[in-house]
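Here is the structure we will look at.
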Amino acid sequence: MTAPLFSPVAIRDLTLKNRLVVSPMCQYSARHGFANDWHFAHLARFALGGFGTVMVEATGVTAEGRITYGCLGLWDDAQIAPLARIAAFVKSQGAAAAIQLGHAGRKASTALWWRNGFDETDAEKADVAFEHWKPVGPMPIAHVQDDEYQIPRALEIGEFPALVQSFADSATRADKAGFDIVEIHAAHGYLLNQFLSPLGNQRTDAYGGSFDNRTRLPLEIVQAMRAVWPAGKPLFMRMSVQDAAPGGWTVEDSIAFSRIIREMGVDLIDCSSGGFEGATFNVGPCFQAPLAQALRGSGMPTMAVGLISTPHEAEALVAGGHADLIALGRTALDDPNWPHHARAALEGGDSYAHWPRQTGFAVRNRDRALRRTPQVS
Ligand SMILES: Cc1cc2nc3c(=O)[nH]c(=O)nc-3n(C[C@H](O)[C@H](O)[C@H](O)COP(=O)(O)O)c2cc1C
């Protein structure tokens, strides 16, 4: 019997073969925004591992919108080809190819996560194509005052049309690259979250202040992207459903916002949280799943993410109607074959049939030789 986690689901003209999604994860391995063999190998292994959807990391719609100099971009037609190679391979394995498009705003031009700040030597800088630039944001206020985060230049109202167009143009390039799904990154304290949240946006013009004004830029972007992104292809948005910080964006705000964007053609919200200083979380297994449940209850399909690590947790979230899709981040890094192992745990039977034909028979033979039933590692 097919477990709900492995049941297909149709969104617009796309049918996902199961509910498992690889969460977008920055690899800080690009030069000048171009995908390379690292990104190919990193993402290809999840398609081989049985994920229904493989999502490319946060990809800058402008060069200055990258989180770091090592992040991917899709602001130039020349950046399409290496991403197209990844999308084609992912799709060849029966998975859907997704890409997250975003702008880091005042959290742009930061240090690579695994480094100790900007500690690159001159030789390394040349090797990794180091870049450093002044970010933009809703306000001339830094994310935090330290050596890493700069005081951004406040965006002028006359710059918004070009910014909106850059999201639309990147969506057009994502379509040309063959992606099935685009996800707008509006979470984690990056540019769109900076506009949505009272913690990031104290503008006094038409783009700040009231809920209607703070949501204006994200809504313009949704509208422009939906206009160019094919009607048959799903458009997702990742949100910080709550800032989880005093005076911040709340679950109620997200419910109100999701009703508006659902009408505008957003098909699903990928439910994350946080991104501003002062956020407090009770981190634990599936800790953000209640956010996906809250939004789904208001009629918006949702994806749950955050410390989901066992097959039974993921299955319970889908079977219980808490979320439509399940995103795995670090659990996918730990075990790219997690879906195959989860299938064996939930369904039993000959789960090897779902592995790529090049490898499934061999794993089956090993387990027979060892008289081992399929086990989740
Ligand atoms: C290495 C790494 C890079 C990440 N990059 C992104 C990103 O590009 N976009 C994003 O929305 N979230 C990003 N995240 C957050 C993950 O997508 C995910 O939401 C988070 O890790 C929680 O899920 P997990 O507990 O399954 O890892 C990143 C997380 C990690 C560990």
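Chain labels run A, B, ... following the order of the structure tokens; each chain numbers its residues from 1, and ligands are numbered from 1 in the order shown.
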Skip Pro135 (chain A) itself and residues of its chain fewer than 3 positions away, then list as a PyMOL selection string all residues within 10 Å of it, counting only C-alpha atoms. chain A and resi 64-67+104-110+132+140+142+149-155
With ligand 1 as the partner and 10 Å as the cut-off, tabulate the residues of chain A that qualify, each row holding the nearest pair of atoms and their distance in Å to one decimal, using only C-alpha atoms and all ligand atoms, sorted by chain and rising number, as JSON lines.
```
{"residue": "A:Val22", "atom": "CA", "partner": "ligand 1", "partner_atom_place_in_ligand_line": "17 (O)", "distance": 7.9}
{"residue": "A:Ser23", "atom": "CA", "partner": "ligand 1", "partner_atom_place_in_ligand_line": "17 (O)", "distance": 4.3}
{"residue": "A:Pro24", "atom": "CA", "partner": "ligand 1", "partner_atom_place_in_ligand_line": "17 (O)", "distance": 4.5}
{"residue": "A:Met25", "atom": "CA", "partner": "ligand 1", "partner_atom_place_in_ligand_line": "5 (N)", "distance": 3.2}
{"residue": "A:Cys26", "atom": "CA", "partner": "ligand 1", "partner_atom_place_in_ligand_line": "5 (N)", "distance": 3.9}
{"residue": "A:Gln27", "atom": "CA", "partner": "ligand 1", "partner_atom_place_in_ligand_line": "1 (C)", "distance": 6.4}
{"residue": "A:Tyr28", "atom": "CA", "partner": "ligand 1", "partner_atom_place_in_ligand_line": "3 (C)", "distance": 8.7}
{"residue": "A:Met55", "atom": "CA", "partner": "ligand 1", "partner_atom_place_in_ligand_line": "8 (O)", "distance": 9.2}
{"residue": "A:Val56", "atom": "CA", "partner": "ligand 1", "partner_atom_place_in_ligand_line": "8 (O)", "distance": 7.6}
{"residue": "A:Glu57", "atom": "CA", "partner": "ligand 1", "partner_atom_place_in_ligand_line": "8 (O)", "distance": 4.0}
{"residue": "A:Ala58", "atom": "CA", "partner": "ligand 1", "partner_atom_place_in_ligand_line": "8 (O)", "distance": 3.8}
{"residue": "A:Thr59", "atom": "CA", "partner": "ligand 1", "partner_atom_place_in_ligand_line": "8 (O)", "distance": 7.4}
{"residue": "A:Gly60", "atom": "CA", "partner": "ligand 1", "partner_atom_place_in_ligand_line": "8 (O)", "distance": 9.9}
{"residue": "A:Ile67", "atom": "CA", "partner": "ligand 1", "partner_atom_place_in_ligand_line": "8 (O)", "distance": 8.7}
{"residue": "A:Cys71", "atom": "CA", "partner": "ligand 1", "partner_atom_place_in_ligand_line": "8 (O)", "distance": 8.5}
{"residue": "A:Leu72", "atom": "CA", "partner": "ligand 1", "partner_atom_place_in_ligand_line": "8 (O)", "distance": 9.3}
{"residue": "A:Ile99", "atom": "CA", "partner": "ligand 1", "partner_atom_place_in_ligand_line": "8 (O)", "distance": 9.6}
{"residue": "A:Gln100", "atom": "CA", "partner": "ligand 1", "partner_atom_place_in_ligand_line": "9 (N)", "distance": 7.0}
{"residue": "A:Leu101", "atom": "CA", "partner": "ligand 1", "partner_atom_place_in_ligand_line": "9 (N)", "distance": 8.9}
{"residue": "A:Gly102", "atom": "CA", "partner": "ligand 1", "partner_atom_place_in_ligand_line": "9 (N)", "distance": 8.6}
{"residue": "A:Trp113", "atom": "CA", "partner": "ligand 1", "partner_atom_place_in_ligand_line": "1 (C)", "distance": 7.9}
{"residue": "A:Trp114", "atom": "CA", "partner": "ligand 1", "partner_atom_place_in_ligand_line": "1 (C)", "distance": 8.9}
{"residue": "A:Glu183", "atom": "CA", "partner": "ligand 1", "partner_atom_place_in_ligand_line": "11 (O)", "distance": 9.1}
{"residue": "A:Ile184", "atom": "CA", "partner": "ligand 1", "partner_atom_place_in_ligand_line": "11 (O)", "distance": 9.1}
{"residue": "A:His185", "atom": "CA", "partner": "ligand 1", "partner_atom_place_in_ligand_line": "11 (O)", "distance": 6.2}
{"residue": "A:Ala186", "atom": "CA", "partner": "ligand 1", "partner_atom_place_in_ligand_line": "11 (O)", "distance": 8.2}
{"residue": "A:Ala187", "atom": "CA", "partner": "ligand 1", "partner_atom_place_in_ligand_line": "11 (O)", "distance": 6.6}
{"residue": "A:His188", "atom": "CA", "partner": "ligand 1", "partner_atom_place_in_ligand_line": "11 (O)", "distance": 7.0}
{"residue": "A:Tyr190", "atom": "CA", "partner": "ligand 1", "partner_atom_place_in_ligand_line": "11 (O)", "distance": 9.5}
{"residue": "A:Met237", "atom": "CA", "partner": "ligand 1", "partner_atom_place_in_ligand_line": "11 (O)", "distance": 9.6}
{"residue": "A:Arg238", "atom": "CA", "partner": "ligand 1", "partner_atom_place_in_ligand_line": "11 (O)", "distance": 6.6}
{"residue": "A:Met239", "atom": "CA", "partner": "ligand 1", "partner_atom_place_in_ligand_line": "11 (O)", "distance": 8.4}
{"residue": "A:Ser240", "atom": "CA", "partner": "ligand 1", "partner_atom_place_in_ligand_line": "11 (O)", "distance": 9.3}
{"residue": "A:Asp270", "atom": "CA", "partner": "ligand 1", "partner_atom_place_in_ligand_line": "11 (O)", "distance": 8.8}
{"residue": "A:Cys271", "atom": "CA", "partner": "ligand 1", "partner_atom_place_in_ligand_line": "19 (O)", "distance": 8.5}
{"residue": "A:Ser272", "atom": "CA", "partner": "ligand 1", "partner_atom_place_in_ligand_line": "19 (O)", "distance": 6.2}
{"residue": "A:Ser273", "atom": "CA", "partner": "ligand 1", "partner_atom_place_in_ligand_line": "19 (O)", "distance": 8.6}
{"residue": "A:Val283", "atom": "CA", "partner": "ligand 1", "partner_atom_place_in_ligand_line": "25 (O)", "distance": 9.6}
{"residue": "A:Gly284", "atom": "CA", "partner": "ligand 1", "partner_atom_place_in_ligand_line": "25 (O)", "distance": 9.2}
{"residue": "A:Pro285", "atom": "CA", "partner": "ligand 1", "partner_atom_place_in_ligand_line": "25 (O)", "distance": 8.4}
{"residue": "A:Cys286", "atom": "CA", "partner": "ligand 1", "partner_atom_place_in_ligand_line": "25 (O)", "distance": 8.1}
{"residue": "A:Phe287", "atom": "CA", "partner": "ligand 1", "partner_atom_place_in_ligand_line": "25 (O)", "distance": 9.0}
{"residue": "A:Gln288", "atom": "CA", "partner": "ligand 1", "partner_atom_place_in_ligand_line": "22 (C)", "distance": 8.9}
{"residue": "A:Ala304", "atom": "CA", "partner": "ligand 1", "partner_atom_place_in_ligand_line": "19 (O)", "distance": 9.0}
{"residue": "A:Val305", "atom": "CA", "partner": "ligand 1", "partner_atom_place_in_ligand_line": "23 (O)", "distance": 5.2}
{"residue": "A:Gly306", "atom": "CA", "partner": "ligand 1", "partner_atom_place_in_ligand_line": "23 (O)", "distance": 3.7}
{"residue": "A:Leu307", "atom": "CA", "partner": "ligand 1", "partner_atom_place_in_ligand_line": "25 (O)", "distance": 3.4}
{"residue": "A:Ile308", "atom": "CA", "partner": "ligand 1", "partner_atom_place_in_ligand_line": "26 (O)", "distance": 5.6}
{"residue": "A:Ser309", "atom": "CA", "partner": "ligand 1", "partner_atom_place_in_ligand_line": "26 (O)", "distance": 7.1}
{"residue": "A:Ile326", "atom": "CA", "partner": "ligand 1", "partner_atom_place_in_ligand_line": "26 (O)", "distance": 9.2}
{"residue": "A:Ala327", "atom": "CA", "partner": "ligand 1", "partner_atom_place_in_ligand_line": "26 (O)", "distance": 6.5}
{"residue": "A:Leu328", "atom": "CA", "partner": "ligand 1", "partner_atom_place_in_ligand_line": "26 (O)", "distance": 4.0}
{"residue": "A:Gly329", "atom": "CA", "partner": "ligand 1", "partner_atom_place_in_ligand_line": "26 (O)", "distance": 3.5}
{"residue": "A:Arg330", "atom": "CA", "partner": "ligand 1", "partner_atom_place_in_ligand_line": "27 (O)", "distance": 3.8}
{"residue": "A:Thr331", "atom": "CA", "partner": "ligand 1", "partner_atom_place_in_ligand_line": "26 (O)", "distance": 5.5}
{"residue": "A:Ala332", "atom": "CA", "partner": "ligand 1", "partner_atom_place_in_ligand_line": "26 (O)", "distance": 7.3}
{"residue": "A:Leu333", "atom": "CA", "partner": "ligand 1", "partner_atom_place_in_ligand_line": "27 (O)", "distance": 8.5}
{"residue": "A:Asp334", "atom": "CA", "partner": "ligand 1", "partner_atom_place_in_ligand_line": "27 (O)", "distance": 9.8}
```
Okay, now the selection with C-alpha atoms, as a CSV table (one decimal), in the first residue's frame?
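selection.csv, written as the output of this step:
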```
chain,number,residue,atom,x,y,z
A,22,VAL,CA,14.9,18.9,-0.8
A,23,SER,CA,14.9,22.2,1.0
A,24,PRO,CA,16.9,25.0,-0.6
A,25,MET,CA,20.4,25.1,0.8
A,26,CYS,CA,23.1,27.6,-0.1
A,27,GLN,CA,26.3,25.9,-1.1
A,28,TYR,CA,28.5,29.1,-1.3
A,55,MET,CA,15.0,22.7,-5.0
A,56,VAL,CA,18.1,24.8,-6.0
A,57,GLU,CA,19.4,27.1,-3.3
A,58,ALA,CA,18.5,30.8,-2.8
A,59,THR,CA,19.5,32.3,-6.2
A,60,GLY,CA,19.9,36.1,-6.6
A,67,ILE,CA,23.6,36.5,0.2
A,71,CYS,CA,25.7,32.3,-4.0
A,72,LEU,CA,24.0,31.4,-7.3
A,99,ILE,CA,14.6,26.9,-7.8
A,100,GLN,CA,14.3,29.5,-5.1
A,101,LEU,CA,14.6,33.1,-6.3
A,102,GLY,CA,15.4,35.8,-3.9
A,113,TRP,CA,28.7,30.4,6.5
A,114,TRP,CA,31.6,28.0,7.1
A,183,GLU,CA,9.8,29.5,-5.0
A,184,ILE,CA,10.0,33.2,-4.0
A,185,HIS,CA,12.2,33.6,-1.0
A,186,ALA,CA,10.3,35.9,1.4
A,187,ALA,CA,11.7,34.4,4.6
A,188,HIS,CA,14.6,34.5,7.0
A,190,TYR,CA,16.0,38.7,3.6
A,237,MET,CA,6.6,31.2,-1.6
A,238,ARG,CA,8.8,30.6,1.4
A,239,MET,CA,7.8,32.7,4.3
A,240,SER,CA,8.8,33.3,7.8
A,270,ASP,CA,6.9,26.8,2.4
A,271,CYS,CA,6.5,27.5,6.1
A,272,SER,CA,9.7,28.6,7.9
A,273,SER,CA,10.2,31.2,10.6
A,283,VAL,CA,13.8,24.1,18.6
A,284,GLY,CA,13.0,20.4,18.5
A,285,PRO,CA,11.6,17.7,16.2
A,286,CYS,CA,9.2,19.2,13.6
A,287,PHE,CA,9.2,22.5,15.5
A,288,GLN,CA,7.9,24.6,12.6
A,304,ALA,CA,6.5,21.9,6.5
A,305,VAL,CA,10.2,22.2,7.2
A,306,GLY,CA,12.5,22.2,10.2
A,307,LEU,CA,14.1,19.2,12.0
A,308,ILE,CA,11.9,16.6,10.3
A,309,SER,CA,14.1,13.6,10.4
A,326,ILE,CA,7.7,17.9,3.5
A,327,ALA,CA,11.0,19.6,3.1
A,328,LEU,CA,14.2,18.1,4.4
A,329,GLY,CA,17.4,20.1,4.7
A,330,ARG,CA,20.2,18.7,6.8
A,331,THR,CA,18.5,15.3,6.9
A,332,ALA,CA,18.8,15.2,3.1
A,333,LEU,CA,22.5,16.2,3.4
A,334,ASP,CA,23.0,13.4,5.9
```
Give me the residues within 6 Å of Gly232 (chain A) as a CSV table (one decimal) with C-alpha atoms, in the first residue's frame, counting only C-alpha atoms and dropping any in the same chain fewer than 2 places off.
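The result, stored in part-v7.csv:
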```
chain,number,residue,atom,x,y,z
A,12,ARG,CA,-1.5,23.0,-11.6
A,13,ASP,CA,-0.2,20.9,-14.6
A,230,PRO,CA,3.7,29.8,-17.1
```
Report as a ChimeraX atom specification: the residues of region 104-353 of chain A with a DSSP assignment of strand (DSSP E or B), based on the backbone of this structure. /A:136-137,153-154,181-186,235-240,268-272,302-305,325-328
Excluding region 160-168 of chain A and any residue of its chain fewer than 6 positions from it, enumerate the residues within 12 Å of it, using only C-alpha atoms, and give them as a VMD selection string. chain A and resid 59 to 65 73 to 76 100 to 103 105 136 to 138 154 174 to 175 182 to 185 191 to 192 206 to 207 216 to 230
Please list as a ChimeraX atom specification every residue within 8 Å of His322 (chain A), counting only C-alpha atoms and excluding residues in the same chain fewer than 5 positions away. /A:289-290,292-293,296,317
Write the residues of the preceding selection, restricted to C-alpha atoms, as a tab-separated table (two decimals), in the first residue's frame.
```tsv
chain	number	residue	atom	x	y	z
A	289	ALA	CA	5.18	22.11	11.51
A	290	PRO	CA	2.44	23.87	13.54
A	292	ALA	CA	2.33	24.83	8.19
A	293	GLN	CA	-0.78	23.46	9.87
A	296	ARG	CA	-3.11	25.08	5.67
A	317	LEU	CA	2.41	15.32	9.01
```
Quick one: pull the distance between CA of Thr373 (chain A) and CA of Ala44 (chain A), Å, one decimal.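 Straight-line distance from CA of Thr373 (chain A) to CA of Ala44 (chain A) works out to 26.7 Å.
For the choices A:Val251, A:Leu199, A:Ala47, A:Ile181, the atom-to-atom distance to Leu268 (chain A) is smallest for A:Ile181 when using only C-alpha atoms.
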Do a neighbour search on Gly247 (chain A) at 10 Å with only C-alpha atoms, toss out local chain neighbours closer than 3 positions, and write the hits as a list in words.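 That gives Ser197, Pro198, Leu199, Asp243, Ala244 and Thr250 of chain A.
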Ala78 (chain A): which residues within 12 Å, counting only C-alpha atoms, same-chain residues fewer than 4 positions away excluded, as a PDB file with N, CA and C atoms, in the first residue's frame?
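As a result, result29.pdb now contains:
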```pdb
ATOM      1  N   HIS A  32      30.800  34.192  -9.380  1.00  0.00           N
ATOM      2  CA  HIS A  32      30.014  35.186 -10.126  1.00  0.00           C
ATOM      3  C   HIS A  32      28.591  34.698 -10.399  1.00  0.00           C
ATOM      4  N   GLY A  33      28.059  33.895  -9.491  1.00  0.00           N
ATOM      5  CA  GLY A  33      26.659  33.466  -9.587  1.00  0.00           C
ATOM      6  C   GLY A  33      26.403  32.260 -10.468  1.00  0.00           C
ATOM      7  N   PHE A  34      27.456  31.676 -11.055  1.00  0.00           N
ATOM      8  CA  PHE A  34      27.264  30.560 -11.992  1.00  0.00           C
ATOM      9  C   PHE A  34      27.272  29.216 -11.275  1.00  0.00           C
ATOM     10  N   ALA A  35      26.304  28.354 -11.602  1.00  0.00           N
ATOM     11  CA  ALA A  35      26.304  26.982 -11.090  1.00  0.00           C
ATOM     12  C   ALA A  35      27.440  26.207 -11.746  1.00  0.00           C
ATOM     13  N   GLY A  73      23.196  32.958  -8.968  1.00  0.00           N
ATOM     14  CA  GLY A  73      22.423  34.067  -9.501  1.00  0.00           C
ATOM     15  C   GLY A  73      21.726  33.669 -10.783  1.00  0.00           C
ATOM     16  N   LEU A  74      20.700  34.439 -11.085  1.00  0.00           N
ATOM     17  CA  LEU A  74      19.997  34.221 -12.360  1.00  0.00           C
ATOM     18  C   LEU A  74      19.568  35.583 -12.909  1.00  0.00           C
ATOM     19  N   PRO A  82      24.161  26.308 -17.089  1.00  0.00           N
ATOM     20  CA  PRO A  82      24.531  25.312 -16.068  1.00  0.00           C
ATOM     21  C   PRO A  82      23.369  24.912 -15.172  1.00  0.00           C
ATOM     22  N   LEU A  83      22.407  25.805 -14.991  1.00  0.00           N
ATOM     23  CA  LEU A  83      21.217  25.443 -14.213  1.00  0.00           C
ATOM     24  C   LEU A  83      20.315  24.517 -15.020  1.00  0.00           C
ATOM     25  N   ALA A  84      20.276  24.748 -16.340  1.00  0.00           N
ATOM     26  CA  ALA A  84      19.456  23.890 -17.214  1.00  0.00           C
ATOM     27  C   ALA A  84      19.954  22.447 -17.167  1.00  0.00           C
ATOM     28  N   SER A 170      14.129  36.913 -13.803  1.00  0.00           N
ATOM     29  CA  SER A 170      14.759  35.683 -13.316  1.00  0.00           C
ATOM     30  C   SER A 170      13.798  34.505 -13.431  1.00  0.00           C
ATOM     31  N   ARG A 173      13.934  33.350 -16.918  1.00  0.00           N
ATOM     32  CA  ARG A 173      15.151  32.549 -17.138  1.00  0.00           C
ATOM     33  C   ARG A 173      15.009  31.166 -16.502  1.00  0.00           C
ATOM     34  N   ALA A 174      14.357  31.095 -15.344  1.00  0.00           N
ATOM     35  CA  ALA A 174      14.143  29.784 -14.708  1.00  0.00           C
ATOM     36  C   ALA A 174      13.276  28.897 -15.597  1.00  0.00           C
ATOM     37  N   LYS A 176      13.145  29.137 -18.880  1.00  0.00           N
ATOM     38  CA  LYS A 176      14.019  28.737 -20.001  1.00  0.00           C
ATOM     39  C   LYS A 176      14.967  27.623 -19.583  1.00  0.00           C
ATOM     40  N   ALA A 177      15.376  27.634 -18.323  1.00  0.00           N
ATOM     41  CA  ALA A 177      16.286  26.595 -17.820  1.00  0.00           C
ATOM     42  C   ALA A 177      15.565  25.266 -17.607  1.00  0.00           C
TER      43      ALA A 177
END
```
Give me, as a list in words, the residues of region 28-59 of chain A that a backbone DSSP run labels alpha helix (DSSP H).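 Result set for region 28-59 of chain A (alpha helix (DSSP H)): Asp37, Trp38, His39, Phe40, Ala41, His42, Leu43, Ala44, Arg45, Phe46, Ala47 and Leu48 of chain A.
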Output for the residues just chosen: N, CA and C atoms as an mmCIF file, in the first residue's frame:
```
data_model
loop_
_atom_site.group_PDB
_atom_site.id
_atom_site.type_symbol
_atom_site.label_atom_id
_atom_site.label_comp_id
_atom_site.auth_asym_id
_atom_site.auth_seq_id
_atom_site.Cartn_x
_atom_site.Cartn_y
_atom_site.Cartn_z
ATOM 1 N N ASP A 37 29.926 22.164 -11.324
ATOM 2 C CA ASP A 37 29.799 20.722 -11.063
ATOM 3 C C ASP A 37 29.431 20.413 -9.615
ATOM 4 N N TRP A 38 29.862 21.272 -8.679
ATOM 5 C CA TRP A 38 29.471 21.020 -7.288
ATOM 6 C C TRP A 38 27.943 21.027 -7.165
ATOM 7 N N HIS A 39 27.318 22.085 -7.732
ATOM 8 C CA HIS A 39 25.859 22.192 -7.620
ATOM 9 C C HIS A 39 25.181 21.018 -8.319
ATOM 10 N N PHE A 40 25.755 20.612 -9.453
ATOM 11 C CA PHE A 40 25.180 19.471 -10.180
ATOM 12 C C PHE A 40 25.220 18.210 -9.311
ATOM 13 N N ALA A 41 26.396 17.896 -8.783
ATOM 14 C CA ALA A 41 26.540 16.659 -7.999
ATOM 15 C C ALA A 41 25.702 16.716 -6.725
ATOM 16 N N HIS A 42 25.738 17.867 -6.062
ATOM 17 C CA HIS A 42 24.987 18.050 -4.811
ATOM 18 C C HIS A 42 23.496 17.798 -5.037
ATOM 19 N N LEU A 43 22.946 18.335 -6.112
ATOM 20 C CA LEU A 43 21.501 18.227 -6.338
ATOM 21 C C LEU A 43 21.117 16.913 -7.019
ATOM 22 N N ALA A 44 22.012 16.415 -7.881
ATOM 23 C CA ALA A 44 21.708 15.170 -8.601
ATOM 24 C C ALA A 44 21.520 14.008 -7.634
ATOM 25 N N ARG A 45 22.313 14.001 -6.548
ATOM 26 C CA ARG A 45 22.229 12.846 -5.634
ATOM 27 C C ARG A 45 20.861 12.763 -4.974
ATOM 28 N N PHE A 46 20.171 13.896 -4.812
ATOM 29 C CA PHE A 46 18.835 13.852 -4.194
ATOM 30 C C PHE A 46 17.801 13.310 -5.185
ATOM 31 N N ALA A 47 18.002 13.637 -6.463
ATOM 32 C CA ALA A 47 17.095 13.076 -7.480
ATOM 33 C C ALA A 47 17.279 11.560 -7.531
ATOM 34 N N LEU A 48 18.528 11.097 -7.457
ATOM 35 C CA LEU A 48 18.789 9.650 -7.433
ATOM 36 C C LEU A 48 18.233 9.029 -6.154
#
```
So, counting only C-alpha atoms, which residue among A:Glu263, A:Asp122, A:Asp127, A:Asp77 is closest to Ala171 (chain A)? A:Asp77
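CA of Tyr352 (chain A) lies 23.7 Å from CA of Ala88 (chain A).
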